[in-house]
file structure33.txt (compact mmCIF, C-alpha atoms)
# COMPACT_ATOMS: atom_id res chain seq x y z
CA MET A 354 8.20 19.11 -5.71
CA THR A 355 4.71 19.14 -4.29
CA ALA A 356 3.45 16.55 -1.85
CA ILE A 357 3.59 12.97 -3.05
CA ILE A 358 2.16 9.70 -1.78
CA ILE A 359 4.69 7.71 0.24
CA THR A 360 4.11 4.02 0.94
CA ALA A 361 6.31 2.13 3.38
CA ALA A 362 6.62 -1.55 4.21
CA CYS A 363 8.14 -2.25 7.61
CA PRO A 364 9.28 -5.75 8.61
CA SER A 365 7.69 -6.87 11.86
CA ASP A 366 10.96 -6.76 13.83
CA LEU A 367 11.51 -3.09 12.87
CA ILE A 368 8.04 -1.77 13.78
CA ALA A 369 8.97 -0.20 17.14
CA SER A 370 12.00 1.60 15.69
CA ALA A 371 10.06 2.73 12.60
CA ASN A 372 7.35 4.23 14.82
CA HIS A 373 10.03 6.28 16.61
CA LEU A 374 11.24 7.46 13.20
CA ALA A 375 7.66 8.33 12.24
CA MET A 376 7.32 10.48 15.35
CA CYS A 377 10.66 12.13 14.64
CA LEU A 378 9.63 13.07 11.09
CA ALA A 379 6.04 14.02 11.89
CA TYR A 380 3.92 16.05 14.23
CA SER A 381 3.05 14.31 17.48
CA GLU A 382 3.08 11.28 19.73
CA ALA A 383 0.13 9.97 17.70
CA ASP A 384 2.59 9.13 14.92
CA ALA A 385 3.82 6.27 17.14
CA LEU A 386 0.86 4.39 15.67
CA THR A 387 2.05 4.66 12.05
CA TYR A 388 3.05 0.99 11.76
CA ARG A 389 0.72 -1.45 13.45
CA ASP A 390 -0.19 -5.08 12.89
CA PRO A 391 1.78 -6.81 10.14
CA SER A 392 -0.86 -7.64 7.54
CA TRP A 393 1.35 -7.95 4.44
CA GLN A 394 3.73 -10.74 3.50
CA ASP A 395 6.38 -11.49 0.93
CA THR A 396 6.65 -14.76 -0.97
CA ASP A 397 8.77 -16.25 1.84
CA GLY A 398 6.06 -15.50 4.40
CA ASN A 399 7.93 -12.65 6.12
CA LEU A 400 5.47 -10.19 7.68
CA TYR A 401 5.29 -6.42 7.21
CA ALA A 402 3.24 -3.52 8.52
CA ALA A 403 2.42 -0.90 5.91
CA ALA A 404 1.62 2.78 5.89
CA SER A 405 0.72 5.16 3.09
CA PHE A 406 0.55 8.93 3.47
CA SER A 407 1.05 12.24 1.71
CA ALA A 408 4.51 13.69 2.29
CA SER A 409 6.00 17.09 1.56
CA GLN A 410 9.44 17.76 0.20
CA ALA A 411 10.41 18.74 3.76
CA TRP A 412 9.51 15.21 4.96
CA ILE A 413 11.53 13.61 2.16
CA THR A 414 14.52 15.84 2.90
CA GLY A 415 14.23 15.26 6.66
CA ALA A 416 14.09 11.50 6.17
CA GLN A 417 17.47 11.65 4.43
CA GLN A 418 19.30 13.97 6.84
CA ALA A 419 20.64 13.57 10.36
CA LEU A 420 17.65 13.26 12.66
CA VAL A 421 16.78 16.08 15.02
CA ARG A 422 14.38 15.75 17.94
CA PRO A 423 11.25 17.71 16.97
CA ALA A 424 10.34 20.75 19.08
CA TRP A 425 7.03 19.15 20.16
CA ASP A 426 8.89 16.30 21.94
CA VAL A 427 9.57 18.23 25.15
CA GLY A 428 9.10 15.04 27.19
CA GLN A 429 11.68 13.21 25.07
CA ILE A 430 9.39 10.27 24.32
CA ILE A 431 11.14 9.58 21.02
CA ASP A 432 13.95 7.07 21.28
CA MET A 433 16.35 8.81 18.89
CA GLU A 434 18.62 5.74 18.68
CA ALA A 435 15.67 3.59 17.60
CA ALA A 436 14.64 6.25 15.07
CA ALA A 437 18.20 6.29 13.70
CA ARG A 438 18.16 2.47 13.34
CA ALA A 439 14.97 2.68 11.27
CA GLN A 440 16.38 5.52 9.19
CA ALA A 441 19.55 3.50 8.50
CA ALA A 442 17.36 0.61 7.32
CA MET A 443 15.38 2.81 4.92
CA VAL A 444 15.49 2.04 1.20
CA PHE A 445 13.82 4.95 -0.60
CA TRP A 446 12.71 4.95 -4.25
CA VAL A 447 10.56 7.43 -6.17
CA SER A 448 8.67 6.33 -9.27
CA ASP A 449 10.26 9.02 -11.46
CA MET A 450 13.79 7.74 -10.64
CA GLY A 451 13.54 5.07 -13.30
CA GLY A 452 14.52 1.46 -12.88
CA GLN A 453 12.67 -1.11 -10.86
CA PRO A 454 11.16 -0.43 -7.43
CA PRO A 455 12.89 -2.15 -4.52
CA GLN A 456 11.48 -5.39 -3.19
CA ALA A 457 10.49 -5.51 0.45
CA ALA A 458 13.11 -7.35 2.46
CA GLY A 459 13.63 -8.31 6.07
CA GLY A 460 15.71 -5.71 7.86
CA ALA A 461 14.77 -2.94 5.40
CA LEU A 462 12.17 -0.20 5.75
CA THR A 463 11.18 -0.13 2.08
CA VAL A 464 9.68 3.19 0.97
CA ILE A 465 8.21 4.03 -2.44
CA GLY A 466 7.13 7.52 -3.42
CA GLY A 467 4.87 8.56 -6.27
CA MET A 468 2.61 5.49 -6.55
CA ASP A 469 -0.72 4.78 -4.94
CA GLY A 470 -0.45 2.64 -1.81
CA LEU A 471 -1.72 -0.68 -3.14
CA SER A 472 0.33 -0.44 -6.35
CA ALA A 473 3.45 0.36 -4.33
CA LEU A 474 2.94 -2.62 -2.00
CA MET A 475 2.40 -4.92 -4.97
CA ALA A 476 5.51 -3.49 -6.67
CA MET A 477 7.45 -4.35 -3.49
CA GLY A 478 6.37 -7.97 -3.92
CA LEU A 479 3.87 -7.97 -1.05
CA ALA A 480 0.38 -9.42 -0.71
CA ARG A 481 -2.17 -9.28 2.07
CA VAL A 482 -1.65 -12.00 4.65
CA GLY A 483 -3.72 -14.98 3.54
CA ALA A 484 -3.69 -14.04 -0.16
CA VAL A 485 -2.63 -16.79 -2.57
CA SER A 486 0.42 -14.95 -3.96
CA PRO A 487 1.75 -11.38 -4.32
call {"tool": "encode", "arguments": {"input": "structure33.txt", "output": "structure tokens"}}
result
Amino acid sequence: MTAIIITAACPSDLIASANHLAMCLAYSEADALTYRDPSWQDTDGNLYAAASFSASQAWITGAQQALVRPAWDVGQIIDMEAAARAQAAMVFWVSDMGGQPPQAAGGALTVIGGMDGLSALMAMGLARVGAVSP
């Protein structure tokens, strides 16, 4: 599999842990800024931060295996327990799996692969904060 677009919706109470997971799966401390201000909401008004990026098969595999502190983290800035909490909350779906994409839900880091970012967020049942409806 070549690189695919990954779009993730992170509930506001999971942002800190998800940013530790992002650092664990990526390349530097800068990845701690993957999930920022919650600017998406579900129909119940729950808030989510979103991120969309190109991911390799290595990223997808790494996201599903036991986490390992990356070699670049010599200062141990990644909270591996927080990263593991976010990983445990991950619901991962790829568009070629068939079936319906998962809906964003509180307590779940909802991840869709193989769709453009906006389409994935809409498929998760999310709309921009302030929009009339998703």
call {"tool": "atom_distance", "arguments": {"input": "structure33.txt", "atom1": "CA of Pro391 (chain A)", "atom2": "CA of Leu479 (chain A)"}}
result
11.4 Å
call {"tool": "closest_residue", "arguments": {"input": "structure33.txt", "among": "A:Met376, A:Cys363, A:Ala356, A:Leu471", "to": "Asp426 (chain A)", "atoms": "only C-alpha atoms"}}
result
A:Met376
call {"tool": "closest_residue", "arguments": {"input": "structure33.txt", "among": "A:Leu386, A:Leu420, A:Met477, A:Leu400", "to": "Ala441 (chain A)", "atoms": "only C-alpha atoms"}}
result
A:Leu420
call {"tool": "closest_residue", "arguments": {"input": "structure33.txt", "among": "A:Gly428, A:Ile465, A:Ala362, A:Ala419", "to": "Val447 (chain A)", "atoms": "only C-alpha atoms"}}
result
A:Ile465
call {"tool": "atom_distance", "arguments": {"input": "structure33.txt", "atom1": "CA of Gln429 (chain A)", "atom2": "CA of Ala403 (chain A)"}}
result
25.5 Å
call {"tool": "closest_residue", "arguments": {"input": "structure33.txt", "among": "A:Asp469, A:Ser405, A:Ser370, A:Gln417", "to": "Phe445 (chain A)", "atoms": "only C-alpha atoms"}}
result
A:Gln417
call {"tool": "closest_residue", "arguments": {"input": "structure33.txt", "among": "A:Thr396, A:Thr387, A:Ser409, A:Thr355", "to": "Gln456 (chain A)", "atoms": "only C-alpha atoms"}}
result
A:Thr396
call {"tool": "closest_residue", "arguments": {"input": "structure33.txt", "among": "A:Glu434, A:Asp366, A:Glu382, A:Asp390", "to": "Arg481 (chain A)", "atoms": "only C-alpha atoms"}}
result
A:Asp390
call {"tool": "axis_aligned_box", "arguments": {"input": "structure33.txt", "around": "region 365-369 of chain A", "padding_each_side": "8 Å", "output": "lines of an AutoDock Vina configuration file"}}
result
center_x = 9.6
center_y = -3.5
center_z = 14.5
size_x = 19.8
size_y = 22.7
size_z = 21.3
call {"tool": "atom_distance", "arguments": {"input": "structure33.txt", "atom1": "CA of Pro454 (chain A)", "atom2": "CA of Ile357 (chain A)"}}
result
16.0 Å
call {"tool": "residues_around", "arguments": {"input": "structure33.txt", "residues": "Ala408 (chain A)", "least_positions_apart": "5", "cutoff": "12 Å", "atoms": "all atoms listed in the file", "output": "PyMOL selection string"}}
result
chain A and resi 354-361+375+378-379+413-416+464-467
call {"tool": "residues_around", "arguments": {"input": "structure33.txt", "residues": "Asn399 (chain A)", "least_positions_apart": "4", "cutoff": "8 Å", "atoms": "only C-alpha atoms", "output": "JSON, numbers by chain"}}
result
{"A": [364, 394, 395, 459]}
call {"tool": "residues_near_point", "arguments": {"input": "structure33.txt", "point": "(11.0, -0.2, 12.8)", "cutoff": "9 Å", "atoms": "all atoms listed in the file", "output": "list in words"}}
result
Cys363, Pro364, Ser365, Asp366, Leu367, Ile368, Ala369, Ser370, Ala371, Asn372, His373, Leu374, Tyr388, Ala435, Ala436, Arg438, Ala439, Gln440, Ala442, Gly460, Ala461 and Leu462 of chain A
call {"tool": "decode", "arguments": {"input": "structure33.txt", "residues": "region 409-421 of chain A", "atoms": "N, CA, C and O atoms", "output": "mmCIF file, in the first residue's frame"}}
result
data_model
loop_
_atom_site.group_PDB
_atom_site.id
_atom_site.type_symbol
_atom_site.label_atom_id
_atom_site.label_comp_id
_atom_site.auth_asym_id
_atom_site.auth_seq_id
_atom_site.Cartn_x
_atom_site.Cartn_y
_atom_site.Cartn_z
ATOM 1 N N SER A 409 2.110 6.630 5.647
ATOM 2 C CA SER A 409 2.673 5.455 4.983
ATOM 3 C C SER A 409 2.111 4.187 5.627
ATOM 4 O O SER A 409 1.506 4.226 6.699
ATOM 5 N N GLN A 410 2.385 3.079 4.983
ATOM 6 C CA GLN A 410 1.997 1.796 5.568
ATOM 7 C C GLN A 410 2.699 1.592 6.906
ATOM 8 O O GLN A 410 2.130 1.033 7.832
ATOM 9 N N ALA A 411 3.920 2.096 7.042
ATOM 10 C CA ALA A 411 4.651 1.980 8.305
ATOM 11 C C ALA A 411 3.907 2.707 9.425
ATOM 12 O O ALA A 411 3.840 2.222 10.553
ATOM 13 N N TRP A 412 3.311 3.867 9.131
ATOM 14 C CA TRP A 412 2.546 4.603 10.145
ATOM 15 C C TRP A 412 1.325 3.785 10.556
ATOM 16 O O TRP A 412 1.034 3.631 11.745
ATOM 17 N N ILE A 413 0.618 3.259 9.563
ATOM 18 C CA ILE A 413 -0.592 2.475 9.837
ATOM 19 C C ILE A 413 -0.255 1.247 10.680
ATOM 20 O O ILE A 413 -0.925 0.950 11.671
ATOM 21 N N THR A 414 0.809 0.556 10.319
ATOM 22 C CA THR A 414 1.241 -0.609 11.079
ATOM 23 C C THR A 414 1.644 -0.202 12.495
ATOM 24 O O THR A 414 1.234 -0.830 13.476
ATOM 25 N N GLY A 415 2.436 0.853 12.613
ATOM 26 C CA GLY A 415 2.889 1.322 13.923
ATOM 27 C C GLY A 415 1.747 1.740 14.825
ATOM 28 O O GLY A 415 1.804 1.538 16.044
ATOM 29 N N ALA A 416 0.701 2.301 14.246
ATOM 30 C CA ALA A 416 -0.452 2.741 15.030
ATOM 31 C C ALA A 416 -1.219 1.563 15.625
ATOM 32 O O ALA A 416 -1.966 1.734 16.589
ATOM 33 N N GLN A 417 -1.011 0.379 15.062
ATOM 34 C CA GLN A 417 -1.748 -0.801 15.510
ATOM 35 C C GLN A 417 -0.902 -1.770 16.333
ATOM 36 O O GLN A 417 -1.396 -2.813 16.756
ATOM 37 N N GLN A 418 0.366 -1.443 16.559
ATOM 38 C CA GLN A 418 1.254 -2.311 17.322
ATOM 39 C C GLN A 418 1.577 -1.676 18.668
ATOM 40 O O GLN A 418 1.278 -0.505 18.896
ATOM 41 N N ALA A 419 2.234 -2.448 19.517
ATOM 42 C CA ALA A 419 2.697 -1.903 20.795
ATOM 43 C C ALA A 419 3.591 -0.696 20.511
ATOM 44 O O ALA A 419 4.452 -0.740 19.628
ATOM 45 N N LEU A 420 3.361 0.373 21.236
ATOM 46 C CA LEU A 420 4.117 1.602 21.000
ATOM 47 C C LEU A 420 5.541 1.482 21.516
ATOM 48 O O LEU A 420 5.781 0.889 22.563
ATOM 49 N N VAL A 421 6.448 2.083 20.758
ATOM 50 C CA VAL A 421 7.856 2.115 21.117
ATOM 51 C C VAL A 421 8.301 3.574 21.073
ATOM 52 O O VAL A 421 7.971 4.304 20.132
#
